[in-house]
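Before any comments, here is the structure.
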Amino acid sequence: MVTPHKLQKKLKAAFGTENVERLGIKLRVTGKERTLVEALERPQYCGGFEEMYRSLEKIPYIQPDVILEYLEIRQQKNLYARAGFFLEQHRSDFHVEESFLERLARNVSAQPVYWTPNRKGGILASRWNLILPEAVMHRKWEEF
């Protein structure tokens with residue numbers, strides 16, 4: 001597990017982690033809320049957008065306050081945007097309230113940012129000031 005620099009700097013490396021035992025070995029793993037944010041940050045390490053989305057959609061529930069606290073520690077406007085976009089798309093699945101989405105939206109960049117590094121084209125999700133591939137916006141994975 002690679003710990004983001006901000007967490008190390010703030011002495012919060014263990015935030016959002018839990019200890020589990022697997023085959024008699026004790027492991028420290030990230031919890032579902034931290035995993036969700038970190039997967040949205042780096043979909044390439046999760047098998048790409050389709051695999052990331054399909055995996056995150058299987059999370060049974062989330063604790064919005066834990067996501068918000070993690071985002072506050074990380075202080076990256078693009079992470080607020082990515083989390084907000086994803087959770088808005090899945091608001092009924094995760095029972096996300098509008099007030100929570102509003103809190104996230106208040107922390108996004110004033111300038112549009114690209115989700116992918118290629119910075120070519122895409123669709124603007126205006127609430128999140130996030131430019132993303134059309135296939136991600138409409139979940140048309142075969143086109144991505």
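In the structure tokens, chains take letters A, B, ... by order of appearance, with residues numbered from 1 within each chain and ligands from 1 in the order shown.
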
Can you write out as a tab-separated table which residues of segment 82-141 of chain A fall within 9 Å of segment 51-74 of chain A, alongside each residue's closest atom pair and its distance in Å to one decimal, counting only C-alpha atoms and ordering rows by chain and ascending residue number?
```
residue	atom	partner	partner_atom	distance
A:Ala83	CA	A:Ile67	CA	8.5
A:Phe86	CA	A:Tyr53	CA	8.7
A:His90	CA	A:Glu57	CA	8.0
A:Asp93	CA	A:Tyr61	CA	8.0
A:Phe94	CA	A:Tyr61	CA	5.7
A:His95	CA	A:Tyr61	CA	8.3
A:Val96	CA	A:Pro64	CA	7.6
A:Phe100	CA	A:Pro64	CA	7.5
A:Arg103	CA	A:Leu68	CA	8.6
A:Leu104	CA	A:Leu68	CA	7.7
A:Arg139	CA	A:Tyr53	CA	8.8
```

Grab the residues selected above and save them as a tab-separated table (two decimals), in the first residue's frame with C-alpha atoms.
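And here is the file that came out, result-v3.tsv:
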```tsv
chain	number	residue	atom	x	y	z
A	83	ALA	CA	-15.81	11.75	-5.88
A	86	PHE	CA	-19.14	9.38	-9.13
A	90	HIS	CA	-24.67	6.59	-7.86
A	93	ASP	CA	-27.23	3.24	-4.70
A	94	PHE	CA	-25.28	4.86	-1.86
A	95	HIS	CA	-28.14	6.99	-0.49
A	96	VAL	CA	-26.15	10.17	-1.02
A	100	PHE	CA	-23.42	16.10	0.85
A	103	ARG	CA	-20.42	20.21	0.28
A	104	LEU	CA	-18.22	18.42	-2.24
A	139	ARG	CA	-20.84	4.53	-19.11
```

Which value, in Å to one decimal, gives the distance between atom CA of Glu88 of chain A and atom CA of Met137 of chain A?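 About the pair atom CA of Glu88 of chain A and atom CA of Met137 of chain A: they are 11.6 Å apart.
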
Backbone-only DSSP, helix (DSSP H, G or I) members of segment 26-99 of chain A, as a ChimeraX atom specification: /A:32-41,43-46,49-56,64-74,77-89,91-94,98-99

Selection above as a file: N, CA and C atoms, as a short mmCIF file (atom, residue, chain, number, x, y, z; two decimals), in the first residue's frame:
```cif
data_model
loop_
_atom_site.label_atom_id
_atom_site.label_comp_id
_atom_site.auth_asym_id
_atom_site.auth_seq_id
_atom_site.Cartn_x
_atom_site.Cartn_y
_atom_site.Cartn_z
N LYS A 32 -13.30 0.85 2.60
CA LYS A 32 -14.03 1.10 1.35
C LYS A 32 -14.07 2.57 0.95
N GLU A 33 -14.16 3.49 1.91
CA GLU A 33 -14.22 4.91 1.57
C GLU A 33 -12.88 5.41 1.02
N ARG A 34 -11.80 5.05 1.65
CA ARG A 34 -10.49 5.46 1.14
C ARG A 34 -10.20 4.77 -0.19
N THR A 35 -10.58 3.52 -0.30
CA THR A 35 -10.40 2.80 -1.56
C THR A 35 -11.16 3.48 -2.68
N LEU A 36 -12.39 3.90 -2.40
CA LEU A 36 -13.20 4.57 -3.41
C LEU A 36 -12.49 5.82 -3.92
N VAL A 37 -12.03 6.66 -3.04
CA VAL A 37 -11.36 7.91 -3.44
C VAL A 37 -10.07 7.60 -4.20
N GLU A 38 -9.28 6.68 -3.71
CA GLU A 38 -8.00 6.38 -4.35
C GLU A 38 -8.19 5.69 -5.70
N ALA A 39 -9.24 4.90 -5.84
CA ALA A 39 -9.54 4.28 -7.14
C ALA A 39 -9.96 5.35 -8.14
N LEU A 40 -10.76 6.31 -7.70
CA LEU A 40 -11.17 7.41 -8.58
C LEU A 40 -9.97 8.27 -8.97
N GLU A 41 -9.00 8.34 -8.08
CA GLU A 41 -7.79 9.12 -8.35
C GLU A 41 -6.93 8.46 -9.43
N PRO A 43 -7.60 5.42 -11.78
CA PRO A 43 -8.31 4.28 -12.38
C PRO A 43 -7.40 3.33 -13.16
N GLN A 44 -6.26 3.83 -13.62
CA GLN A 44 -5.34 2.98 -14.37
C GLN A 44 -4.79 1.84 -13.51
N TYR A 45 -4.77 2.01 -12.19
CA TYR A 45 -4.30 0.95 -11.30
C TYR A 45 -5.42 0.00 -10.88
N CYS A 46 -6.62 0.28 -11.40
CA CYS A 46 -7.79 -0.55 -11.08
C CYS A 46 -8.32 -1.26 -12.32
N PHE A 49 -11.25 2.56 -16.37
CA PHE A 49 -12.51 3.11 -15.91
C PHE A 49 -13.60 2.05 -15.74
N GLU A 50 -13.75 1.17 -16.72
CA GLU A 50 -14.83 0.18 -16.63
C GLU A 50 -14.66 -0.72 -15.42
N GLU A 51 -13.48 -1.28 -15.26
CA GLU A 51 -13.23 -2.18 -14.13
C GLU A 51 -13.38 -1.44 -12.80
N MET A 52 -12.87 -0.20 -12.76
CA MET A 52 -12.98 0.60 -11.54
C MET A 52 -14.45 0.83 -11.20
N TYR A 53 -15.22 1.28 -12.19
CA TYR A 53 -16.64 1.54 -11.95
C TYR A 53 -17.35 0.28 -11.49
N ARG A 54 -17.14 -0.81 -12.18
CA ARG A 54 -17.84 -2.06 -11.82
C ARG A 54 -17.47 -2.51 -10.41
N SER A 55 -16.22 -2.33 -10.04
CA SER A 55 -15.79 -2.71 -8.69
C SER A 55 -16.38 -1.80 -7.63
N LEU A 56 -16.31 -0.49 -7.86
CA LEU A 56 -16.83 0.45 -6.87
C LEU A 56 -18.34 0.33 -6.72
N PRO A 64 -20.46 8.71 4.15
CA PRO A 64 -20.07 9.98 3.54
C PRO A 64 -19.14 10.81 4.41
N ASP A 65 -19.32 10.79 5.71
CA ASP A 65 -18.46 11.60 6.58
C ASP A 65 -17.00 11.14 6.51
N VAL A 66 -16.77 9.84 6.31
CA VAL A 66 -15.40 9.33 6.19
C VAL A 66 -14.80 9.80 4.87
N ILE A 67 -15.59 9.76 3.80
CA ILE A 67 -15.11 10.26 2.50
C ILE A 67 -14.77 11.74 2.61
N LEU A 68 -15.64 12.50 3.20
CA LEU A 68 -15.40 13.94 3.33
C LEU A 68 -14.14 14.22 4.16
N GLU A 69 -13.97 13.51 5.26
CA GLU A 69 -12.78 13.72 6.09
C GLU A 69 -11.51 13.36 5.32
N TYR A 70 -11.57 12.27 4.55
CA TYR A 70 -10.41 11.88 3.75
C TYR A 70 -10.10 12.94 2.70
N LEU A 71 -11.13 13.45 2.04
CA LEU A 71 -10.92 14.50 1.04
C LEU A 71 -10.35 15.76 1.69
N GLU A 72 -10.79 16.09 2.89
CA GLU A 72 -10.28 17.25 3.59
C GLU A 72 -8.80 17.09 3.95
N ILE A 73 -8.40 15.88 4.28
CA ILE A 73 -6.99 15.61 4.56
C ILE A 73 -6.17 15.75 3.29
N ARG A 74 -6.67 15.19 2.20
CA ARG A 74 -5.93 15.20 0.93
C ARG A 74 -5.89 16.59 0.30
N LYS A 77 -8.55 19.45 -5.09
CA LYS A 77 -9.82 19.83 -5.69
C LYS A 77 -10.31 18.80 -6.72
N ASN A 78 -9.37 18.20 -7.45
CA ASN A 78 -9.78 17.21 -8.45
C ASN A 78 -10.37 15.95 -7.80
N LEU A 79 -9.95 15.64 -6.58
CA LEU A 79 -10.53 14.48 -5.89
C LEU A 79 -11.95 14.77 -5.42
N TYR A 80 -12.20 16.00 -4.99
CA TYR A 80 -13.58 16.39 -4.65
C TYR A 80 -14.46 16.24 -5.89
N ALA A 81 -13.94 16.68 -7.04
CA ALA A 81 -14.70 16.62 -8.29
C ALA A 81 -14.98 15.18 -8.70
N ARG A 82 -13.98 14.34 -8.66
CA ARG A 82 -14.15 12.94 -9.07
C ARG A 82 -15.11 12.21 -8.14
N ALA A 83 -14.92 12.40 -6.85
CA ALA A 83 -15.81 11.75 -5.88
C ALA A 83 -17.23 12.27 -6.04
N GLY A 84 -17.37 13.57 -6.21
CA GLY A 84 -18.69 14.16 -6.39
C GLY A 84 -19.38 13.64 -7.63
N PHE A 85 -18.65 13.59 -8.73
CA PHE A 85 -19.22 13.09 -9.98
C PHE A 85 -19.68 11.65 -9.82
N PHE A 86 -18.80 10.80 -9.30
CA PHE A 86 -19.14 9.38 -9.13
C PHE A 86 -20.32 9.20 -8.19
N LEU A 87 -20.29 9.88 -7.06
CA LEU A 87 -21.37 9.71 -6.08
C LEU A 87 -22.69 10.31 -6.56
N GLU A 88 -22.62 11.35 -7.37
CA GLU A 88 -23.85 11.88 -7.96
C GLU A 88 -24.45 10.86 -8.92
N GLN A 89 -23.61 10.21 -9.71
CA GLN A 89 -24.09 9.17 -10.62
C GLN A 89 -24.71 7.99 -9.85
N ARG A 91 -26.00 8.17 -6.60
CA ARG A 91 -26.60 8.70 -5.38
C ARG A 91 -27.68 7.81 -4.80
N SER A 92 -28.47 7.16 -5.63
CA SER A 92 -29.51 6.29 -5.08
C SER A 92 -28.92 4.98 -4.54
N ASP A 93 -27.87 4.48 -5.17
CA ASP A 93 -27.23 3.24 -4.70
C ASP A 93 -26.60 3.43 -3.32
N PHE A 94 -25.98 4.60 -3.11
CA PHE A 94 -25.28 4.86 -1.86
C PHE A 94 -26.05 5.79 -0.93
N GLU A 98 -28.33 15.31 -1.24
CA GLU A 98 -27.95 16.50 -2.00
C GLU A 98 -27.04 17.41 -1.18
N SER A 99 -27.28 17.53 0.10
CA SER A 99 -26.45 18.40 0.95
C SER A 99 -25.00 17.93 0.96
#
```

Could you pull out all residues of chain A with a DSSP call of strand (DSSP E) and give them as a PDB file with C-alpha atoms, in the first residue's frame?
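So selection-v9.pdb came out as:
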```pdb
ATOM      1  CA  THR A  17      -7.361   1.715   6.975  1.00  0.00           C
ATOM      2  CA  GLU A  18      -8.264  -1.403   8.897  1.00  0.00           C
ATOM      3  CA  ASN A  19      -6.494  -4.531  10.049  1.00  0.00           C
ATOM      4  CA  VAL A  20      -7.671  -7.835   8.643  1.00  0.00           C
ATOM      5  CA  GLU A  21      -6.439 -11.377   8.823  1.00  0.00           C
ATOM      6  CA  ARG A  22      -6.106 -13.398   5.634  1.00  0.00           C
ATOM      7  CA  ILE A  25      -1.507 -13.247   8.059  1.00  0.00           C
ATOM      8  CA  LYS A  26      -2.380  -9.877   9.561  1.00  0.00           C
ATOM      9  CA  LEU A  27      -2.678  -7.148   6.936  1.00  0.00           C
ATOM     10  CA  ARG A  28      -3.459  -3.439   6.938  1.00  0.00           C
ATOM     11  CA  VAL A  29      -5.798  -2.575   4.071  1.00  0.00           C
ATOM     12  CA  THR A  30      -7.649   0.537   3.029  1.00  0.00           C
ATOM     13  CA  VAL A 113      -9.816  19.928 -14.986  1.00  0.00           C
ATOM     14  CA  TYR A 114      -9.370  16.771 -17.038  1.00  0.00           C
ATOM     15  CA  ILE A 123     -17.534  16.357 -21.910  1.00  0.00           C
ATOM     16  CA  LEU A 124     -17.703  18.889 -19.116  1.00  0.00           C
ATOM     17  CA  ALA A 125     -19.603  17.822 -16.006  1.00  0.00           C
ATOM     18  CA  LEU A 130     -14.528  17.995 -14.588  1.00  0.00           C
ATOM     19  CA  ILE A 131     -13.830  17.118 -18.204  1.00  0.00           C
ATOM     20  CA  LEU A 132     -14.151  13.415 -18.807  1.00  0.00           C
TER      21      LEU A 132
END
```
